[in-house]
file entry_9.cif (mmCIF, C-alpha atoms)
data_final
#
loop_
_atom_site.group_PDB
_atom_site.id
_atom_site.type_symbol
_atom_site.label_atom_id
_atom_site.label_comp_id
_atom_site.auth_asym_id
_atom_site.auth_seq_id
_atom_site.Cartn_x
_atom_site.Cartn_y
_atom_site.Cartn_z
ATOM 1 C CA MET A 1 -8.988 -13.715 10.168
ATOM 2 C CA GLN A 2 -8.367 -10.225 11.447
ATOM 3 C CA LYS A 3 -8.978 -7.401 9.060
ATOM 4 C CA ILE A 4 -6.856 -4.282 9.175
ATOM 5 C CA ASN A 5 -8.870 -1.138 9.665
ATOM 6 C CA PHE A 6 -6.712 1.773 8.620
ATOM 7 C CA HIS A 7 -9.124 4.254 10.202
ATOM 8 C CA ASP A 8 -8.288 2.610 13.545
ATOM 9 C CA VAL A 9 -4.576 2.528 12.749
ATOM 10 C CA ILE A 10 -4.684 6.230 11.918
ATOM 11 C CA ASP A 11 -6.564 7.009 15.131
ATOM 12 C CA SER A 12 -4.025 5.047 17.159
ATOM 13 C CA ILE A 13 -1.017 7.036 15.976
ATOM 14 C CA LYS A 14 -0.401 10.016 18.227
ATOM 15 C CA ASP A 15 3.146 10.984 17.272
ATOM 16 C CA PRO A 16 4.678 11.895 13.932
ATOM 17 C CA TRP A 17 7.641 10.002 12.436
ATOM 18 C CA GLU A 18 6.943 6.789 14.325
ATOM 19 C CA PRO A 19 5.865 4.273 11.675
ATOM 20 C CA ILE A 20 3.736 1.306 12.664
ATOM 21 C CA ASP A 21 4.290 -2.018 10.895
ATOM 22 C CA ILE A 22 1.157 -3.301 9.177
ATOM 23 C CA ALA A 23 2.451 -6.302 7.279
ATOM 24 C CA PHE A 24 5.574 -7.834 5.855
ATOM 25 C CA VAL A 25 5.640 -9.474 2.475
ATOM 26 C CA SER A 26 8.838 -10.996 1.248
ATOM 27 C CA ASP A 27 11.556 -8.463 2.187
ATOM 28 C CA ALA A 28 9.226 -5.467 2.140
ATOM 29 C CA ALA A 29 7.206 -3.746 4.819
ATOM 30 C CA LEU A 30 3.930 -1.879 4.687
ATOM 31 C CA ARG A 31 3.839 0.754 7.403
ATOM 32 C CA VAL A 32 1.654 3.679 8.432
ATOM 33 C CA ALA A 33 3.113 6.903 9.778
ATOM 34 C CA MET A 34 1.875 10.305 10.774
ATOM 35 C CA ILE A 35 3.617 13.260 9.196
ATOM 36 C CA HIS A 36 3.411 16.660 10.854
ATOM 37 C CA GLY A 37 5.914 19.464 10.543
ATOM 38 C CA ALA A 38 9.121 18.888 8.623
ATOM 39 C CA TYR A 39 11.382 15.888 8.978
ATOM 40 C CA ASP A 40 15.166 15.964 8.701
ATOM 41 C CA TRP A 41 16.673 15.648 5.244
ATOM 42 C CA HIS A 42 18.037 12.144 4.739
ATOM 43 C CA ILE A 43 19.058 9.505 2.229
ATOM 44 C CA HIS A 44 18.367 5.785 1.995
ATOM 45 C CA ARG A 45 21.385 4.579 0.092
ATOM 46 C CA LEU A 46 20.023 1.159 -0.785
ATOM 47 C CA GLU A 47 16.256 1.369 -0.442
ATOM 48 C CA ASP A 48 13.438 2.775 -2.530
ATOM 49 C CA GLU A 49 10.577 4.134 -0.427
ATOM 50 C CA LEU A 50 7.032 4.714 -1.574
ATOM 51 C CA PHE A 51 4.775 7.253 0.138
ATOM 52 C CA PHE A 52 1.016 6.987 -0.342
ATOM 53 C CA VAL A 53 -1.309 9.459 1.360
ATOM 54 C CA LEU A 54 -4.190 7.925 3.303
ATOM 55 C CA LYS A 55 -5.422 11.096 4.977
ATOM 56 C CA GLY A 56 -4.405 14.735 4.658
ATOM 57 C CA LYS A 57 -1.793 16.342 2.452
ATOM 58 C CA ILE A 58 1.987 16.106 2.517
ATOM 59 C CA TYR A 59 4.967 17.426 0.642
ATOM 60 C CA ILE A 60 8.069 15.503 -0.328
ATOM 61 C CA ASP A 61 11.019 17.819 -0.748
ATOM 62 C CA THR A 62 13.896 16.620 -2.890
ATOM 63 C CA GLU A 63 16.859 18.454 -4.365
ATOM 64 C CA GLN A 64 15.019 18.300 -7.703
ATOM 65 C CA GLY A 65 11.926 19.998 -6.319
ATOM 66 C CA THR A 66 8.838 19.485 -4.181
ATOM 67 C CA ILE A 67 6.019 17.033 -4.772
ATOM 68 C CA GLU A 68 2.598 17.787 -3.293
ATOM 69 C CA LEU A 69 0.665 14.655 -2.427
ATOM 70 C CA ASN A 70 -3.029 14.588 -1.627
ATOM 71 C CA GLU A 71 -5.178 11.627 -0.636
ATOM 72 C CA LEU A 72 -4.822 8.658 -2.988
ATOM 73 C CA GLU A 73 -1.603 10.068 -4.397
ATOM 74 C CA GLY A 74 1.801 8.469 -4.033
ATOM 75 C CA PHE A 75 5.445 9.035 -4.846
ATOM 76 C CA LEU A 76 8.385 6.672 -5.079
ATOM 77 C CA VAL A 77 11.591 8.127 -3.629
ATOM 78 C CA LYS A 78 14.345 6.214 -5.386
ATOM 79 C CA LYS A 79 17.347 5.096 -3.377
ATOM 80 C CA GLY A 80 20.097 7.673 -3.124
ATOM 81 C CA ILE A 81 17.715 10.651 -3.430
ATOM 82 C CA ARG A 82 18.075 13.132 -0.598
ATOM 83 C CA HIS A 83 14.588 13.967 0.668
ATOM 84 C CA ARG A 84 12.368 14.903 3.546
ATOM 85 C CA SER A 85 8.627 14.713 4.142
ATOM 86 C CA ARG A 86 6.611 17.505 5.691
ATOM 87 C CA SER A 87 3.064 18.671 6.248
ATOM 88 C CA ASP A 88 1.340 21.695 7.689
ATOM 89 C CA ALA A 89 -1.322 19.645 9.483
ATOM 90 C CA PRO A 90 -1.227 16.034 10.682
ATOM 91 C CA ALA A 91 -1.362 13.646 7.730
ATOM 92 C CA TRP A 92 -1.104 9.869 7.507
ATOM 93 C CA VAL A 93 0.746 7.881 4.893
ATOM 94 C CA LEU A 94 1.328 4.319 3.867
ATOM 95 C CA LEU A 95 5.011 3.560 3.512
ATOM 96 C CA PHE A 96 6.092 0.713 1.268
ATOM 97 C CA GLU A 97 9.769 0.022 1.718
ATOM 98 C CA PRO A 98 12.328 -2.701 2.415
ATOM 99 C CA LYS A 99 12.002 -4.036 5.961
ATOM 100 C CA GLU A 100 15.416 -2.785 6.962
ATOM 101 C CA THR A 101 14.777 0.826 5.932
ATOM 102 C CA LYS A 102 15.618 3.236 8.721
ATOM 103 C CA THR A 103 13.165 6.102 9.139
ATOM 104 C CA LYS A 104 15.990 8.551 9.672
ATOM 105 C CA GLY A 105 18.022 7.371 6.680
ATOM 106 C CA ASP A 106 21.549 6.021 6.647
ATOM 107 C CA MET B 107 9.702 13.160 -10.230
ATOM 108 C CA GLN B 108 6.422 11.651 -11.331
ATOM 109 C CA LYS B 109 3.777 11.294 -8.708
ATOM 110 C CA ILE B 110 1.367 8.373 -8.810
ATOM 111 C CA ASN B 111 -2.242 9.440 -8.918
ATOM 112 C CA PHE B 112 -4.338 6.473 -7.868
ATOM 113 C CA HIS B 113 -7.513 8.186 -9.071
ATOM 114 C CA ASP B 114 -6.001 8.065 -12.584
ATOM 115 C CA VAL B 115 -4.820 4.485 -12.118
ATOM 116 C CA ILE B 116 -8.317 3.475 -11.033
ATOM 117 C CA ASP B 117 -9.866 5.272 -14.012
ATOM 118 C CA SER B 118 -7.474 3.526 -16.387
ATOM 119 C CA ILE B 119 -8.428 0.010 -15.335
ATOM 120 C CA LYS B 120 -11.317 -1.286 -17.418
ATOM 121 C CA ASP B 121 -11.146 -5.015 -16.730
ATOM 122 C CA PRO B 122 -11.285 -6.947 -13.469
ATOM 123 C CA TRP B 123 -8.529 -9.355 -12.369
ATOM 124 C CA GLU B 124 -5.816 -7.631 -14.414
ATOM 125 C CA PRO B 125 -3.476 -6.057 -11.843
ATOM 126 C CA ILE B 126 -1.308 -3.103 -12.825
ATOM 127 C CA ASP B 127 2.173 -2.816 -11.341
ATOM 128 C CA ILE B 128 2.664 0.423 -9.438
ATOM 129 C CA ALA B 129 6.072 -0.072 -7.857
ATOM 130 C CA PHE B 130 8.540 -2.712 -6.828
ATOM 131 C CA VAL B 131 10.426 -2.522 -3.578
ATOM 132 C CA SER B 132 12.854 -5.242 -2.726
ATOM 133 C CA ASP B 133 11.123 -8.504 -3.737
ATOM 134 C CA ALA B 134 7.608 -7.126 -3.280
ATOM 135 C CA ALA B 135 5.169 -5.505 -5.655
ATOM 136 C CA LEU B 136 2.476 -2.917 -5.133
ATOM 137 C CA ARG B 137 -0.301 -3.397 -7.657
ATOM 138 C CA VAL B 138 -3.794 -2.072 -8.288
ATOM 139 C CA ALA B 139 -6.595 -4.298 -9.541
ATOM 140 C CA MET B 140 -10.279 -4.022 -10.206
ATOM 141 C CA ILE B 141 -12.486 -6.634 -8.589
ATOM 142 C CA HIS B 142 -15.937 -7.312 -10.003
ATOM 143 C CA GLY B 143 -17.898 -10.514 -9.716
ATOM 144 C CA ALA B 144 -16.292 -13.559 -8.133
ATOM 145 C CA TYR B 145 -12.809 -14.825 -8.888
ATOM 146 C CA ASP B 146 -11.795 -18.478 -8.926
ATOM 147 C CA TRP B 147 -10.770 -20.054 -5.654
ATOM 148 C CA HIS B 148 -6.984 -20.398 -5.503
ATOM 149 C CA ILE B 149 -3.959 -20.784 -3.257
ATOM 150 C CA HIS B 150 -0.575 -19.076 -3.202
ATOM 151 C CA ARG B 151 1.587 -21.747 -1.672
ATOM 152 C CA LEU B 152 4.551 -19.508 -0.906
ATOM 153 C CA GLU B 153 3.282 -15.951 -0.906
ATOM 154 C CA ASP B 154 1.322 -13.795 1.519
ATOM 155 C CA GLU B 155 -0.961 -11.309 -0.237
ATOM 156 C CA LEU B 156 -2.405 -8.157 1.253
ATOM 157 C CA PHE B 157 -5.615 -6.620 -0.088
ATOM 158 C CA PHE B 158 -6.357 -2.991 0.700
ATOM 159 C CA VAL B 159 -9.525 -1.346 -0.615
ATOM 160 C CA LEU B 160 -9.033 1.969 -2.398
ATOM 161 C CA LYS B 161 -12.566 2.337 -3.752
ATOM 162 C CA GLY B 162 -15.726 0.313 -3.263
ATOM 163 C CA LYS B 163 -16.339 -2.783 -1.197
ATOM 164 C CA ILE B 164 -15.065 -6.327 -1.623
ATOM 165 C CA TYR B 165 -15.349 -9.680 0.068
ATOM 166 C CA ILE B 166 -12.555 -12.158 0.634
ATOM 167 C CA ASP B 167 -13.907 -15.672 0.955
ATOM 168 C CA THR B 168 -11.762 -18.208 2.763
ATOM 169 C CA GLU B 169 -12.554 -21.657 4.073
ATOM 170 C CA GLN B 170 -12.621 -20.065 7.540
ATOM 171 C CA GLY B 171 -15.245 -17.505 6.559
ATOM 172 C CA THR B 172 -15.810 -14.286 4.668
ATOM 173 C CA ILE B 173 -14.197 -10.916 5.319
ATOM 174 C CA GLU B 174 -16.003 -7.773 4.208
ATOM 175 C CA LEU B 175 -13.620 -4.961 3.314
ATOM 176 C CA ASN B 176 -14.657 -1.371 2.843
ATOM 177 C CA GLU B 177 -12.504 1.587 1.863
ATOM 178 C CA LEU B 178 -9.372 1.947 3.965
ATOM 179 C CA GLU B 179 -9.690 -1.624 5.169
ATOM 180 C CA GLY B 180 -7.242 -4.401 4.396
ATOM 181 C CA PHE B 181 -6.694 -8.098 4.917
ATOM 182 C CA LEU B 182 -3.598 -10.247 4.739
ATOM 183 C CA VAL B 183 -4.205 -13.633 3.144
ATOM 184 C CA LYS B 184 -1.460 -15.837 4.503
ATOM 185 C CA LYS B 185 0.273 -18.249 2.167
ATOM 186 C CA GLY B 186 -1.451 -21.606 1.847
ATOM 187 C CA ILE B 187 -4.929 -20.194 2.551
ATOM 188 C CA ARG B 188 -7.463 -21.060 -0.132
ATOM 189 C CA HIS B 189 -9.344 -17.887 -1.034
ATOM 190 C CA ARG B 190 -11.119 -15.843 -3.640
ATOM 191 C CA SER B 191 -12.030 -12.176 -3.908
ATOM 192 C CA ARG B 192 -15.393 -10.957 -5.095
ATOM 193 C CA SER B 193 -17.546 -7.846 -5.247
ATOM 194 C CA ASP B 194 -21.057 -6.979 -6.333
ATOM 195 C CA ALA B 195 -19.997 -3.724 -8.010
ATOM 196 C CA PRO B 196 -16.612 -2.701 -9.452
ATOM 197 C CA ALA B 197 -14.106 -2.076 -6.666
ATOM 198 C CA TRP B 198 -10.404 -1.280 -6.719
ATOM 199 C CA VAL B 199 -7.750 -2.638 -4.412
ATOM 200 C CA LEU B 200 -4.094 -2.234 -3.686
ATOM 201 C CA LEU B 201 -2.306 -5.576 -3.698
ATOM 202 C CA PHE B 202 0.899 -5.939 -1.745
ATOM 203 C CA GLU B 203 2.563 -9.238 -2.566
ATOM 204 C CA PRO B 204 5.811 -10.850 -3.656
ATOM 205 C CA LYS B 205 6.683 -9.924 -7.237
ATOM 206 C CA GLU B 206 6.356 -13.476 -8.454
ATOM 207 C CA THR B 207 2.814 -13.954 -7.121
ATOM 208 C CA LYS B 208 0.509 -15.279 -9.837
ATOM 209 C CA THR B 209 -2.953 -13.715 -9.835
ATOM 210 C CA LYS B 210 -4.570 -17.094 -10.423
ATOM 211 C CA GLY B 211 -2.597 -18.870 -7.729
ATOM 212 C CA ASP B 212 -0.327 -21.867 -8.126
#

call {"tool": "encode", "arguments": {"input": "entry_9.cif", "output": "structure tokens"}}
result
Amino acid sequence: MQKINFHDVIDSIKDPWEPIDIAFVSDAALRVAMIHGAYDWHIHRLEDELFFVLKGKIYIDTEQGTIELNELEGFLVKKGIRHRSRSDAPAWVLLFEPKETKTKGD
Amino acid sequence: MQKINFHDVIDSIKDPWEPIDIAFVSDAALRVAMIHGAYDWHIHRLEDELFFVLKGKIYIDTEQGTIELNELEGFLVKKGIRHRSRSDAPAWVLLFEPKETKTKGD
């Protein structure tokens, strides 16, 4: 009977690119991560990955262009799409992805 | 390259208890639903279901008690737990659940 307070989750995350598992449902995971600076370009060959901004603003760079995401905005990176996330200031996102997805890509 | 604007999704939902599919990842679905009034008590025998409040305030009633959820708060209803959602005013939630989850339970 424990509720999940995402304000607390956000406050608890001190380092970027280190997702925290919130819940698993079926074969999927809901995670929260801090984004700050620019991550390495990578590909998930088999997994779609959805980014949803909880706090702040991020960019998703792909080879087709850049998506700017503000709070309450999301973007689904389809499997096989080379991408990276980045932000100028610390930002926090929900990640919705298959459990086995590796943060750094394949 | 279409971003998902949850403000627009929220604005588009006129009726409670009619979830909209946002994305599927693996065997799980991310959905948005409006909650207003009290839903019927029900059980998902095989599926966990996570509620996450995007806008407003909701209550999850279970036989173990009631959880109040405000914005940026979530709660995982484990499979087999009899529950209902309710709210005094329209509220919008993200639902994270197996694709095959039936809104009304089994």

call {"tool": "interface_residues", "arguments": {"input": "entry_9.cif", "of": "chain B", "to": "chain A", "cutoff": "9 Å", "atoms": "all atoms listed in the file", "output": "number ranges by chain"}}
result
B: 107-113, 129-136, 153-156, 158, 160, 170-183, 202-205

call {"tool": "axis_aligned_box", "arguments": {"input": "entry_9.cif", "around": "region 78-97 of chain A", "padding_each_side": "8 Å", "output": "lines of an AutoDock Vina configuration file"}}
result
center_x = 9.4
center_y = 10.9
center_z = 2.6
size_x = 37.5
size_y = 37.7
size_z = 32.1

call {"tool": "resolve_selection", "arguments": {"input": "entry_9.cif", "expression": "the PyMOL selection byres ((chain A and resi 13) around 12)", "output": "ChimeraX atom specification"}}
result
/A:6-12,14-21,31-36,90-93

call {"tool": "calpha_fit_and_write", "arguments": {"input": "entry_9.cif", "fixed": "chain B", "moving": "chain A", "output": "CSV table (one decimal) with C-alpha atoms, keeping the file's coordinate frame"}}
result
chain,number,residue,atom,x,y,z
A,1,MET,CA,9.7,13.2,-10.2
A,2,GLN,CA,6.4,11.7,-11.3
A,3,LYS,CA,3.8,11.3,-8.7
A,4,ILE,CA,1.4,8.4,-8.8
A,5,ASN,CA,-2.2,9.4,-8.9
A,6,PHE,CA,-4.3,6.5,-7.9
A,7,HIS,CA,-7.5,8.2,-9.1
A,8,ASP,CA,-6.0,8.1,-12.6
A,9,VAL,CA,-4.8,4.5,-12.1
A,10,ILE,CA,-8.3,3.5,-11.0
A,11,ASP,CA,-9.9,5.3,-14.0
A,12,SER,CA,-7.5,3.5,-16.4
A,13,ILE,CA,-8.4,0.0,-15.3
A,14,LYS,CA,-11.3,-1.3,-17.4
A,15,ASP,CA,-11.1,-5.0,-16.7
A,16,PRO,CA,-11.3,-7.0,-13.5
A,17,TRP,CA,-8.5,-9.3,-12.4
A,18,GLU,CA,-5.8,-7.6,-14.4
A,19,PRO,CA,-3.5,-6.1,-11.8
A,20,ILE,CA,-1.3,-3.1,-12.8
A,21,ASP,CA,2.2,-2.8,-11.3
A,22,ILE,CA,2.7,0.4,-9.4
A,23,ALA,CA,6.1,-0.1,-7.9
A,24,PHE,CA,8.5,-2.7,-6.8
A,25,VAL,CA,10.4,-2.5,-3.6
A,26,SER,CA,12.9,-5.2,-2.7
A,27,ASP,CA,11.1,-8.5,-3.7
A,28,ALA,CA,7.6,-7.1,-3.3
A,29,ALA,CA,5.2,-5.5,-5.7
A,30,LEU,CA,2.5,-2.9,-5.1
A,31,ARG,CA,-0.3,-3.4,-7.6
A,32,VAL,CA,-3.8,-2.1,-8.3
A,33,ALA,CA,-6.6,-4.3,-9.5
A,34,MET,CA,-10.3,-4.0,-10.2
A,35,ILE,CA,-12.5,-6.6,-8.6
A,36,HIS,CA,-15.9,-7.3,-10.0
A,37,GLY,CA,-17.9,-10.5,-9.7
A,38,ALA,CA,-16.3,-13.5,-8.1
A,39,TYR,CA,-12.8,-14.8,-8.9
A,40,ASP,CA,-11.8,-18.5,-8.9
A,41,TRP,CA,-10.8,-20.1,-5.6
A,42,HIS,CA,-7.0,-20.4,-5.5
A,43,ILE,CA,-4.0,-20.8,-3.3
A,44,HIS,CA,-0.6,-19.1,-3.2
A,45,ARG,CA,1.6,-21.7,-1.7
A,46,LEU,CA,4.6,-19.5,-0.9
A,47,GLU,CA,3.3,-16.0,-0.9
A,48,ASP,CA,1.3,-13.8,1.5
A,49,GLU,CA,-1.0,-11.3,-0.2
A,50,LEU,CA,-2.4,-8.2,1.3
A,51,PHE,CA,-5.6,-6.6,-0.1
A,52,PHE,CA,-6.4,-3.0,0.7
A,53,VAL,CA,-9.5,-1.4,-0.6
A,54,LEU,CA,-9.0,2.0,-2.4
A,55,LYS,CA,-12.6,2.3,-3.7
A,56,GLY,CA,-15.7,0.3,-3.3
A,57,LYS,CA,-16.3,-2.8,-1.2
A,58,ILE,CA,-15.1,-6.3,-1.6
A,59,TYR,CA,-15.3,-9.7,0.1
A,60,ILE,CA,-12.5,-12.2,0.6
A,61,ASP,CA,-13.9,-15.7,0.9
A,62,THR,CA,-11.8,-18.2,2.7
A,63,GLU,CA,-12.6,-21.7,4.1
A,64,GLN,CA,-12.6,-20.1,7.5
A,65,GLY,CA,-15.2,-17.5,6.6
A,66,THR,CA,-15.8,-14.3,4.7
A,67,ILE,CA,-14.2,-10.9,5.3
A,68,GLU,CA,-16.0,-7.8,4.2
A,69,LEU,CA,-13.6,-5.0,3.3
A,70,ASN,CA,-14.7,-1.4,2.8
A,71,GLU,CA,-12.5,1.6,1.8
A,72,LEU,CA,-9.4,2.0,4.0
A,73,GLU,CA,-9.7,-1.6,5.2
A,74,GLY,CA,-7.2,-4.4,4.4
A,75,PHE,CA,-6.7,-8.1,4.9
A,76,LEU,CA,-3.6,-10.2,4.8
A,77,VAL,CA,-4.2,-13.6,3.1
A,78,LYS,CA,-1.5,-15.8,4.5
A,79,LYS,CA,0.3,-18.3,2.2
A,80,GLY,CA,-1.5,-21.6,1.8
A,81,ILE,CA,-4.9,-20.2,2.6
A,82,ARG,CA,-7.5,-21.1,-0.1
A,83,HIS,CA,-9.3,-17.9,-1.0
A,84,ARG,CA,-11.1,-15.8,-3.6
A,85,SER,CA,-12.0,-12.2,-3.9
A,86,ARG,CA,-15.4,-10.9,-5.1
A,87,SER,CA,-17.5,-7.8,-5.3
A,88,ASP,CA,-21.0,-7.0,-6.3
A,89,ALA,CA,-20.0,-3.7,-8.0
A,90,PRO,CA,-16.6,-2.7,-9.5
A,91,ALA,CA,-14.1,-2.1,-6.7
A,92,TRP,CA,-10.4,-1.3,-6.7
A,93,VAL,CA,-7.8,-2.6,-4.4
A,94,LEU,CA,-4.1,-2.2,-3.7
A,95,LEU,CA,-2.3,-5.6,-3.7
A,96,PHE,CA,0.9,-5.9,-1.8
A,97,GLU,CA,2.6,-9.2,-2.6
A,98,PRO,CA,5.8,-10.9,-3.7
A,99,LYS,CA,6.7,-9.9,-7.2
A,100,GLU,CA,6.4,-13.5,-8.5
A,101,THR,CA,2.8,-14.0,-7.1
A,102,LYS,CA,0.5,-15.3,-9.8
A,103,THR,CA,-3.0,-13.7,-9.8
A,104,LYS,CA,-4.6,-17.1,-10.5
A,105,GLY,CA,-2.6,-18.9,-7.7
A,106,ASP,CA,-0.3,-21.9,-8.1

call {"tool": "residues_around", "arguments": {"input": "entry_9.cif", "residues": "Asp146 (chain B)", "least_positions_apart": "6", "cutoff": "9 Å", "atoms": "only C-alpha atoms", "output": "CSV table (one decimal) with C-alpha atoms, in the coordinates of the input"}}
result
chain,number,residue,atom,x,y,z
B,189,HIS,CA,-9.3,-17.9,-1.0
B,190,ARG,CA,-11.1,-15.8,-3.6
B,191,SER,CA,-12.0,-12.2,-3.9
B,210,LYS,CA,-4.6,-17.1,-10.4

call {"tool": "atom_distance", "arguments": {"input": "entry_9.cif", "atom1": "CA of Thr207 (chain B)", "atom2": "CA of Tyr145 (chain B)"}}
result
15.7 Å

call {"tool": "resolve_selection", "arguments": {"input": "entry_9.cif", "expression": "the PyMOL selection byres ((chain A and resi 37) around 6)", "output": "PyMOL selection string"}}
result
chain A and resi 36+38+86-88

call {"tool": "write_last_selection", "arguments": {"input": "entry_9.cif", "atoms": "C-alpha atoms", "output": "CSV table (one decimal), in the frame of the given file"}}
result
chain,number,residue,atom,x,y,z
A,36,HIS,CA,3.4,16.7,10.9
A,38,ALA,CA,9.1,18.9,8.6
A,86,ARG,CA,6.6,17.5,5.7
A,87,SER,CA,3.1,18.7,6.2
A,88,ASP,CA,1.3,21.7,7.7
